[in-house]
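Peer 1: Next comes the structure file protein_33.tsv, holding TSV, N, CA and C atoms.
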chain	number	residue	atom	x	y	z
A	1	MET	N	-65.52	-0.71	-52.57
A	1	MET	CA	-66.57	-1.43	-51.87
A	1	MET	C	-66.12	-2.87	-51.70
A	2	GLY	N	-65.97	-3.32	-50.47
A	2	GLY	CA	-65.55	-4.68	-50.19
A	2	GLY	C	-66.72	-5.62	-50.00
A	3	VAL	N	-66.44	-6.87	-50.13
A	3	VAL	CA	-67.45	-7.90	-49.88
A	3	VAL	C	-66.87	-8.91	-48.89
A	4	THR	N	-67.73	-9.60	-48.19
A	4	THR	CA	-67.32	-10.67	-47.29
A	4	THR	C	-68.15	-11.91	-47.58
A	5	MET	N	-67.62	-13.06	-47.24
A	5	MET	CA	-68.34	-14.32	-47.42
A	5	MET	C	-69.43	-14.39	-46.36
A	6	ARG	N	-70.67	-14.51	-46.80
A	6	ARG	CA	-71.80	-14.56	-45.88
A	6	ARG	C	-72.27	-15.98	-45.61
A	7	SER	N	-72.42	-16.75	-46.69
A	7	SER	CA	-72.93	-18.11	-46.51
A	7	SER	C	-72.52	-19.00	-47.67
A	8	ILE	N	-72.62	-20.28	-47.41
A	8	ILE	CA	-72.45	-21.31	-48.42
A	8	ILE	C	-73.82	-21.98	-48.54
A	9	VAL	N	-74.30	-22.14	-49.76
A	9	VAL	CA	-75.61	-22.74	-49.98
A	9	VAL	C	-75.42	-24.06	-50.72
A	10	ILE	N	-76.02	-25.10	-50.18
A	10	ILE	CA	-75.95	-26.44	-50.78
A	10	ILE	C	-77.32	-26.76	-51.37
A	11	ASP	N	-77.36	-26.97	-52.69
A	11	ASP	CA	-78.59	-27.41	-53.33
A	11	ASP	C	-78.83	-28.87	-52.95
A	12	CYS	N	-80.09	-29.20	-52.68
A	12	CYS	CA	-80.38	-30.57	-52.25
A	12	CYS	C	-81.84	-30.91	-52.51
A	13	ALA	N	-82.16	-32.18	-52.42
A	13	ALA	CA	-83.53	-32.65	-52.62
A	13	ALA	C	-84.38	-32.45	-51.37
A	14	ASP	N	-83.76	-32.55	-50.18
A	14	ASP	CA	-84.51	-32.49	-48.94
A	14	ASP	C	-83.72	-31.75	-47.86
A	15	PRO	N	-83.89	-30.43	-47.77
A	15	PRO	CA	-83.14	-29.65	-46.78
A	15	PRO	C	-83.34	-30.14	-45.34
A	16	ARG	N	-84.56	-30.52	-45.01
A	16	ARG	CA	-84.86	-30.98	-43.64
A	16	ARG	C	-84.11	-32.26	-43.30
A	17	ALA	N	-83.88	-33.12	-44.27
A	17	ALA	CA	-83.16	-34.38	-44.03
A	17	ALA	C	-81.65	-34.19	-44.04
A	18	LEU	N	-81.14	-33.27	-44.86
A	18	LEU	CA	-79.69	-33.10	-45.00
A	18	LEU	C	-79.09	-32.22	-43.91
A	19	ALA	N	-79.79	-31.21	-43.46
A	19	ALA	CA	-79.25	-30.27	-42.47
A	19	ALA	C	-78.78	-30.94	-41.17
A	20	PRO	N	-79.49	-31.94	-40.64
A	20	PRO	CA	-78.99	-32.57	-39.40
A	20	PRO	C	-77.63	-33.24	-39.56
A	21	PHE	N	-77.36	-33.81	-40.74
A	21	PHE	CA	-76.04	-34.39	-41.00
A	21	PHE	C	-74.98	-33.32	-40.87
A	22	TRP	N	-75.16	-32.19	-41.56
A	22	TRP	CA	-74.17	-31.12	-41.54
A	22	TRP	C	-74.07	-30.46	-40.16
A	23	SER	N	-75.17	-30.40	-39.45
A	23	SER	CA	-75.14	-29.89	-38.08
A	23	SER	C	-74.27	-30.77	-37.21
A	24	ALA	N	-74.41	-32.08	-37.34
A	24	ALA	CA	-73.59	-33.02	-36.56
A	24	ALA	C	-72.12	-32.94	-36.96
A	25	VAL	N	-71.84	-32.74	-38.25
A	25	VAL	CA	-70.46	-32.65	-38.73
A	25	VAL	C	-69.79	-31.38	-38.21
A	26	THR	N	-70.48	-30.25	-38.30
A	26	THR	CA	-69.87	-28.96	-38.01
A	26	THR	C	-70.11	-28.41	-36.61
A	27	GLY	N	-71.14	-28.90	-35.93
A	27	GLY	CA	-71.51	-28.32	-34.65
A	27	GLY	C	-72.37	-27.07	-34.80
A	28	TYR	N	-72.71	-26.72	-36.04
A	28	TYR	CA	-73.59	-25.58	-36.28
A	28	TYR	C	-75.01	-25.91	-35.83
A	29	ARG	N	-75.79	-24.86	-35.56
A	29	ARG	CA	-77.17	-25.03	-35.08
A	29	ARG	C	-78.15	-24.43	-36.08
A	30	GLU	N	-79.34	-25.01	-36.12
A	30	GLU	CA	-80.36	-24.49	-37.02
A	30	GLU	C	-80.87	-23.14	-36.53
A	31	LYS	N	-80.86	-22.16	-37.42
A	31	LYS	CA	-81.42	-20.83	-37.13
A	31	LYS	C	-82.82	-20.72	-37.71
A	32	TYR	N	-83.01	-21.32	-38.87
A	32	TYR	CA	-84.30	-21.26	-39.55
A	32	TYR	C	-84.46	-22.52	-40.38
A	33	GLY	N	-85.70	-22.98	-40.52
A	33	GLY	CA	-85.92	-24.13	-41.39
A	33	GLY	C	-87.36	-24.30	-41.79
A	34	ASP	N	-87.55	-24.66	-43.05
A	34	ASP	CA	-88.84	-25.11	-43.55
A	34	ASP	C	-88.57	-26.16	-44.63
A	35	ASP	N	-89.58	-26.56	-45.36
A	35	ASP	CA	-89.38	-27.62	-46.35
A	35	ASP	C	-88.52	-27.19	-47.54
A	36	GLU	N	-88.38	-25.89	-47.76
A	36	GLU	CA	-87.63	-25.38	-48.91
A	36	GLU	C	-86.23	-24.87	-48.56
A	37	TRP	N	-86.00	-24.49	-47.30
A	37	TRP	CA	-84.75	-23.82	-46.91
A	37	TRP	C	-84.45	-24.09	-45.45
A	38	VAL	N	-83.22	-24.46	-45.16
A	38	VAL	CA	-82.75	-24.58	-43.77
A	38	VAL	C	-81.44	-23.82	-43.69
A	39	GLN	N	-81.28	-23.06	-42.60
A	39	GLN	CA	-80.06	-22.30	-42.40
A	39	GLN	C	-79.42	-22.73	-41.08
A	40	LEU	N	-78.12	-23.08	-41.17
A	40	LEU	CA	-77.33	-23.41	-39.98
A	40	LEU	C	-76.35	-22.28	-39.71
A	41	VAL	N	-76.13	-22.00	-38.42
A	41	VAL	CA	-75.20	-20.94	-38.03
A	41	VAL	C	-74.19	-21.47	-37.03
A	42	ASP	N	-73.01	-20.87	-37.07
A	42	ASP	CA	-71.94	-21.18	-36.13
A	42	ASP	C	-72.34	-20.63	-34.76
A	43	PRO	N	-72.46	-21.48	-33.74
A	43	PRO	CA	-72.87	-20.98	-32.43
A	43	PRO	C	-71.89	-19.97	-31.84
A	44	ALA	N	-70.63	-20.01	-32.28
A	44	ALA	CA	-69.64	-19.04	-31.80
A	44	ALA	C	-69.71	-17.73	-32.58
A	45	GLY	N	-70.48	-17.72	-33.67
A	45	GLY	CA	-70.64	-16.51	-34.45
A	45	GLY	C	-69.46	-16.15	-35.34
A	46	ARG	N	-68.55	-17.08	-35.57
A	46	ARG	CA	-67.36	-16.78	-36.36
A	46	ARG	C	-67.46	-17.24	-37.81
A	47	GLY	N	-68.05	-18.39	-38.04
A	47	GLY	CA	-68.08	-18.97	-39.38
A	47	GLY	C	-69.22	-18.46	-40.23
A	48	VAL	N	-69.12	-18.70	-41.53
A	48	VAL	CA	-70.21	-18.37	-42.45
A	48	VAL	C	-71.39	-19.28	-42.15
A	49	THR	N	-72.58	-18.86	-42.56
A	49	THR	CA	-73.74	-19.72	-42.41
A	49	THR	C	-73.73	-20.77	-43.52
A	50	ILE	N	-74.45	-21.86	-43.29
A	50	ILE	CA	-74.63	-22.89	-44.30
A	50	ILE	C	-76.12	-22.99	-44.58
A	51	GLY	N	-76.50	-22.81	-45.84
A	51	GLY	CA	-77.89	-22.92	-46.23
A	51	GLY	C	-78.12	-24.18	-47.05
A	52	PHE	N	-79.29	-24.73	-46.93
A	52	PHE	CA	-79.70	-25.91	-47.69
A	52	PHE	C	-80.96	-25.54	-48.44
A	53	GLN	N	-80.89	-25.57	-49.76
A	53	GLN	CA	-81.96	-25.10	-50.61
A	53	GLN	C	-82.52	-26.25	-51.43
A	54	ARG	N	-83.83	-26.44	-51.33
A	54	ARG	CA	-84.47	-27.49	-52.14
A	54	ARG	C	-84.42	-27.10	-53.61
A	55	VAL	N	-83.99	-28.05	-54.43
A	55	VAL	CA	-84.02	-27.87	-55.89
A	55	VAL	C	-84.69	-29.10	-56.50
A	56	PRO	N	-85.34	-28.94	-57.65
A	56	PRO	CA	-86.08	-30.07	-58.22
A	56	PRO	C	-85.20	-31.11	-58.91
A	57	GLU	N	-84.05	-30.68	-59.43
A	57	GLU	CA	-83.23	-31.61	-60.20
A	57	GLU	C	-82.27	-32.37	-59.29
A	58	PRO	N	-81.96	-33.62	-59.64
A	58	PRO	CA	-81.00	-34.40	-58.85
A	58	PRO	C	-79.57	-33.95	-59.14
A	59	LYS	N	-78.67	-34.26	-58.23
A	59	LYS	CA	-77.25	-33.98	-58.43
A	59	LYS	C	-76.75	-34.87	-59.56
A	60	VAL	N	-76.00	-34.27	-60.48
A	60	VAL	CA	-75.43	-35.01	-61.60
A	60	VAL	C	-73.96	-34.63	-61.69
A	61	GLY	N	-73.08	-35.59	-61.62
A	61	GLY	CA	-71.65	-35.31	-61.76
A	61	GLY	C	-71.02	-34.73	-60.51
A	62	LYS	N	-69.79	-34.28	-60.69
A	62	LYS	CA	-68.99	-33.74	-59.59
A	62	LYS	C	-69.38	-32.31	-59.28
A	63	ASN	N	-69.33	-31.94	-57.98
A	63	ASN	CA	-69.55	-30.56	-57.59
A	63	ASN	C	-68.56	-29.64	-58.29
A	64	ARG	N	-68.99	-28.44	-58.63
A	64	ARG	CA	-68.08	-27.44	-59.17
A	64	ARG	C	-67.46	-26.62	-58.04
A	65	LEU	N	-67.99	-26.71	-56.86
A	65	LEU	CA	-67.49	-26.02	-55.68
A	65	LEU	C	-67.68	-26.98	-54.52
A	66	HIS	N	-66.70	-27.01	-53.62
A	66	HIS	CA	-66.88	-27.88	-52.46
A	66	HIS	C	-66.34	-27.21	-51.21
A	67	ILE	N	-66.68	-27.76	-50.08
A	67	ILE	CA	-66.27	-27.25	-48.78
A	67	ILE	C	-65.06	-28.04	-48.31
A	68	ASP	N	-64.07	-27.34	-47.76
A	68	ASP	CA	-62.95	-27.98	-47.07
A	68	ASP	C	-63.12	-27.75	-45.58
A	69	LEU	N	-63.12	-28.84	-44.83
A	69	LEU	CA	-63.14	-28.78	-43.37
A	69	LEU	C	-61.74	-29.14	-42.89
A	70	SER	N	-61.25	-28.48	-41.86
A	70	SER	CA	-59.91	-28.81	-41.37
A	70	SER	C	-60.02	-29.56	-40.05
A	71	ALA	N	-59.04	-30.44	-39.81
A	71	ALA	CA	-59.01	-31.24	-38.60
A	71	ALA	C	-57.55	-31.56	-38.25
A	72	ASP	N	-57.29	-31.68	-36.96
A	72	ASP	CA	-55.96	-32.11	-36.52
A	72	ASP	C	-55.68	-33.53	-37.00
A	73	ASP	N	-56.70	-34.36	-36.94
A	73	ASP	CA	-56.59	-35.77	-37.35
A	73	ASP	C	-57.66	-36.04	-38.40
A	74	GLU	N	-57.29	-35.89	-39.65
A	74	GLU	CA	-58.26	-36.03	-40.74
A	74	GLU	C	-58.85	-37.44	-40.80
A	75	GLU	N	-58.09	-38.43	-40.45
A	75	GLU	CA	-58.58	-39.81	-40.49
A	75	GLU	C	-59.67	-40.03	-39.44
A	76	ALA	N	-59.44	-39.55	-38.22
A	76	ALA	CA	-60.46	-39.67	-37.16
A	76	ALA	C	-61.70	-38.87	-37.51
A	77	ALA	N	-61.51	-37.67	-38.06
A	77	ALA	CA	-62.65	-36.84	-38.45
A	77	ALA	C	-63.45	-37.53	-39.55
A	78	ALA	N	-62.78	-38.08	-40.54
A	78	ALA	CA	-63.47	-38.76	-41.63
A	78	ALA	C	-64.24	-39.98	-41.12
A	79	ALA	N	-63.63	-40.73	-40.21
A	79	ALA	CA	-64.32	-41.90	-39.64
A	79	ALA	C	-65.58	-41.48	-38.88
A	80	ARG	N	-65.50	-40.37	-38.14
A	80	ARG	CA	-66.67	-39.86	-37.42
A	80	ARG	C	-67.76	-39.45	-38.41
A	81	ILE	N	-67.36	-38.78	-39.48
A	81	ILE	CA	-68.32	-38.33	-40.49
A	81	ILE	C	-68.97	-39.53	-41.18
A	82	GLU	N	-68.18	-40.57	-41.45
A	82	GLU	CA	-68.75	-41.80	-42.03
A	82	GLU	C	-69.78	-42.39	-41.08
A	83	GLY	N	-69.51	-42.34	-39.79
A	83	GLY	CA	-70.47	-42.84	-38.81
A	83	GLY	C	-71.76	-42.05	-38.77
A	84	LEU	N	-71.71	-40.79	-39.24
A	84	LEU	CA	-72.89	-39.94	-39.29
A	84	LEU	C	-73.68	-40.12	-40.58
A	85	GLY	N	-73.14	-40.89	-41.53
A	85	GLY	CA	-73.83	-41.12	-42.79
A	85	GLY	C	-73.08	-40.63	-44.01
A	86	GLY	N	-71.87	-40.07	-43.82
A	86	GLY	CA	-71.05	-39.66	-44.96
A	86	GLY	C	-70.42	-40.88	-45.62
A	87	LYS	N	-69.93	-40.67	-46.83
A	87	LYS	CA	-69.29	-41.75	-47.57
A	87	LYS	C	-67.90	-41.31	-48.00
A	88	ARG	N	-66.90	-42.14	-47.74
A	88	ARG	CA	-65.52	-41.87	-48.16
A	88	ARG	C	-65.40	-42.15	-49.65
A	89	LEU	N	-64.84	-41.17	-50.38
A	89	LEU	CA	-64.69	-41.31	-51.83
A	89	LEU	C	-63.25	-41.50	-52.26
A	90	TRP	N	-62.31	-40.81	-51.59
A	90	TRP	CA	-60.93	-40.84	-52.04
A	90	TRP	C	-60.02	-40.29	-50.95
A	91	VAL	N	-58.78	-40.78	-50.93
A	91	VAL	CA	-57.79	-40.31	-49.95
A	91	VAL	C	-56.54	-39.87	-50.72
A	92	SER	N	-56.07	-38.67	-50.43
A	92	SER	CA	-54.84	-38.17	-51.06
A	92	SER	C	-53.66	-39.02	-50.60
A	93	ASP	N	-52.73	-39.27	-51.54
A	93	ASP	CA	-51.51	-39.98	-51.16
A	93	ASP	C	-50.30	-39.04	-51.18
A	94	ASP	N	-50.56	-37.74	-51.20
A	94	ASP	CA	-49.51	-36.73	-51.20
A	94	ASP	C	-49.23	-36.29	-49.76
A	95	ALA	N	-48.06	-36.63	-49.24
A	95	ALA	CA	-47.71	-36.29	-47.86
A	95	ALA	C	-47.67	-34.79	-47.61
A	96	GLU	N	-47.54	-33.99	-48.66
A	96	GLU	CA	-47.52	-32.53	-48.53
A	96	GLU	C	-48.92	-31.91	-48.61
A	97	ASP	N	-49.90	-32.69	-48.99
A	97	ASP	CA	-51.27	-32.20	-49.17
A	97	ASP	C	-52.23	-33.31	-48.74
A	98	VAL	N	-52.41	-33.44	-47.43
A	98	VAL	CA	-53.18	-34.56	-46.87
A	98	VAL	C	-54.65	-34.17	-46.75
A	99	PHE	N	-55.52	-34.94	-47.41
A	99	PHE	CA	-56.95	-34.70	-47.32
A	99	PHE	C	-57.71	-35.96	-47.68
A	100	ILE	N	-58.96	-36.01	-47.26
A	100	ILE	CA	-59.87	-37.11	-47.56
A	100	ILE	C	-61.13	-36.52	-48.18
A	101	VAL	N	-61.53	-37.05	-49.33
A	101	VAL	CA	-62.75	-36.61	-50.00
A	101	VAL	C	-63.89	-37.50	-49.53
A	102	LEU	N	-64.96	-36.85	-49.10
A	102	LEU	CA	-66.16	-37.56	-48.65
A	102	LEU	C	-67.37	-37.01	-49.39
A	103	ALA	N	-68.51	-37.66	-49.21
A	103	ALA	CA	-69.78	-37.17	-49.74
A	103	ALA	C	-70.81	-37.20	-48.63
A	104	ASP	N	-71.69	-36.21	-48.64
A	104	ASP	CA	-72.79	-36.20	-47.68
A	104	ASP	C	-73.86	-37.19	-48.13
A	105	PRO	N	-74.93	-37.38	-47.38
A	105	PRO	CA	-75.94	-38.38	-47.76
A	105	PRO	C	-76.61	-38.14	-49.12
A	106	GLU	N	-76.55	-36.91	-49.65
A	106	GLU	CA	-77.10	-36.66	-50.99
A	106	GLU	C	-76.03	-36.68	-52.08
A	107	GLY	N	-74.79	-37.00	-51.70
A	107	GLY	CA	-73.73	-37.14	-52.68
A	107	GLY	C	-72.89	-35.90	-52.93
A	108	ASN	N	-73.11	-34.82	-52.17
A	108	ASN	CA	-72.32	-33.60	-52.32
A	108	ASN	C	-70.93	-33.82	-51.74
A	109	GLU	N	-69.89	-33.60	-52.57
A	109	GLU	CA	-68.52	-33.85	-52.14
A	109	GLU	C	-67.98	-32.73	-51.26
A	110	PHE	N	-67.12	-33.11	-50.32
A	110	PHE	CA	-66.39	-32.17	-49.48
A	110	PHE	C	-65.13	-32.85	-49.00
A	111	CYS	N	-64.19	-32.09	-48.46
A	111	CYS	CA	-62.93	-32.64	-48.01
A	111	CYS	C	-62.69	-32.37	-46.54
A	112	VAL	N	-61.99	-33.29	-45.91
A	112	VAL	CA	-61.42	-33.06	-44.59
A	112	VAL	C	-59.93	-32.96	-44.82
A	113	VAL	N	-59.38	-31.79	-44.47
A	113	VAL	CA	-57.98	-31.47	-44.73
A	113	VAL	C	-57.23	-31.42	-43.41
A	114	ARG	N	-56.02	-31.97	-43.40
A	114	ARG	CA	-55.20	-31.94	-42.18
A	114	ARG	C	-54.77	-30.51	-41.89
A	115	ASP	N	-54.99	-30.07	-40.63
A	115	ASP	CA	-54.45	-28.78	-40.20
A	115	ASP	C	-52.94	-28.81	-40.35
A	116	SER	N	-52.39	-27.71	-40.83
A	116	SER	CA	-50.93	-27.71	-40.99
A	116	SER	C	-50.25	-26.97	-39.87
Could I get this file's structure written as structure tokens?
Peer 2:
Amino acid sequence: MGVTMRSIVIDCADPRALAPFWSAVTGYREKYGDDEWVQLVDPAGRGVTIGFQRVPEPKVGKNRLHIDLSADDEEAAAARIEGLGGKRLWVSDDAEDVFIVLADPEGNEFCVVRDS
């Protein structure tokens, strides 16, 4: 019995406020939303869905799981994401593994990785 990746769920304080940021970053569109849950889907139907789930506790410490986004130009992509409200946290200095760590408006870390 095989399994496939269906969705990525991001715990957050305010799904309605966070989902538009991720929609702008990814180009995904809202399929469903209320005060407790928002679901974004890939309009091309290829990618996994992204869910935003309200949780009562605040984020503490580093994520144990994060999303990697790929881009031809990671620097330009990161600058665009910063313009949308993301925050740059760290830049790799390894020429063989180029990526930029950012955080969304609630502090959830993710990376923009250079397409190889």
Peer 1: State, in Å with one decimal place, the distance from CA of Arg6 (chain A) to CA of Val91 (chain A).
Peer 2: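 Computing the Euclidean distance for CA of Arg6 (chain A) and CA of Val91 (chain A) yields 29.6 Å.
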Peer 1: I'd like to know which residues of chain A are strand (DSSP E) (by DSSP, run on the backbone); could you write them as a ChimeraX atom specification?
Peer 2: /A:7-12,29-33,37-41,49-54,67-71,87-91,99-103,109-114
Peer 1: Kindly give the distance, in Å, that separates atom N of Ala19 (chain A) and atom C of Ser92 (chain A), rounded to a single decimal.
Peer 2: 28.2 Å
Peer 1: Residues within 7 Å of Asp14 (chain A), please, as a list in words. Count only N, CA and C atoms; anything in the same chain fewer than 4 positions from it doesn't count.
Peer 2: Leu18, Ala19, Asp35, Phe52, Gln53, Arg54 and Val55 of chain A
Peer 1: Could you tell me how far CA of Val60 (chain A) lies from CA of Val101 (chain A), in Å and to one decimal?
Peer 2: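 Pair CA of Val60 (chain A) / CA of Val101 (chain A) returns 17.3 Å.
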Peer 1: Using only C-alpha atoms, which residue out of A:Gly51, A:Asp72, A:Arg80, A:Leu102 lies closest to Cys12 (chain A)?
Peer 2: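 When distances to Cys12 (chain A) are compared using only C-alpha atoms, the smallest one comes from A:Gly51.
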Peer 1: Here is a test: counting all atoms listed in the file, which residue of A:Leu69, A:Ala77, A:Val38, A:Val98 is nearest to Pro15 (chain A)?
Peer 2: A:Val38
Peer 1: Hey, which of A:Val113, A:Ala13, A:Ser70, A:Gly2 ends up closest to Glu57 (chain A)? Count only C-alpha atoms.
Peer 2: A:Ala13
Peer 1: Pick out the closest residue to Gly86 (chain A) from this set: A:Pro43, A:Phe99, A:Phe21, A:Gly27. Count only C-alpha atoms.
Peer 2: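 With only C-alpha atoms as the atom set, the closest residue is A:Phe21.
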Peer 1: Which polymer residues have any atom within 6.5 Å of an atom of Asp73 (chain A), counting only N, CA and C atoms, with same-chain residues fewer than 4 positions away left out, as a list in words?
Peer 2: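 Here the answer would be Ala77, Ala78, Arg114 and Asp115 of chain A.
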Peer 1: Among region 5-111 of chain A, which ones does DSSP assign to helix (DSSP H, G or I) (computed from the backbone)? Answer as a list in words.
Peer 2: Pro15, Arg16, Ala17, Leu18, Ala19, Pro20, Phe21, Trp22, Ser23, Ala24, Val25, Thr26, Glu74, Glu75, Ala76, Ala77, Ala78, Ala79, Arg80, Ile81, Glu82 and Gly83 of chain A
Peer 1: Point out the residue among A:Glu96, A:Asp42, A:Glu74, A:Asp104 with the least atom-to-atom distance to Thr26 (chain A), counting only N, CA and C atoms.
Peer 2: A:Asp42
Peer 1: Could you name the residues that touch Leu40 (chain A) at 9 Å or less, counting only C-alpha atoms, but leaving out those on the same chain fewer than 4 positions away, as a list in words?
Peer 2: Ala19, Trp22, Ser23, Tyr28, Arg29, Glu30, Lys31, Tyr32, Gly33, Thr49, Ile50, Gly51 and Phe52 of chain A
Peer 1: Between A:Glu36, A:Ile81, A:Ala44, A:Cys111, which one has atoms that come closest to Leu65 (chain A), using only C-alpha atoms?
Peer 2: A:Cys111
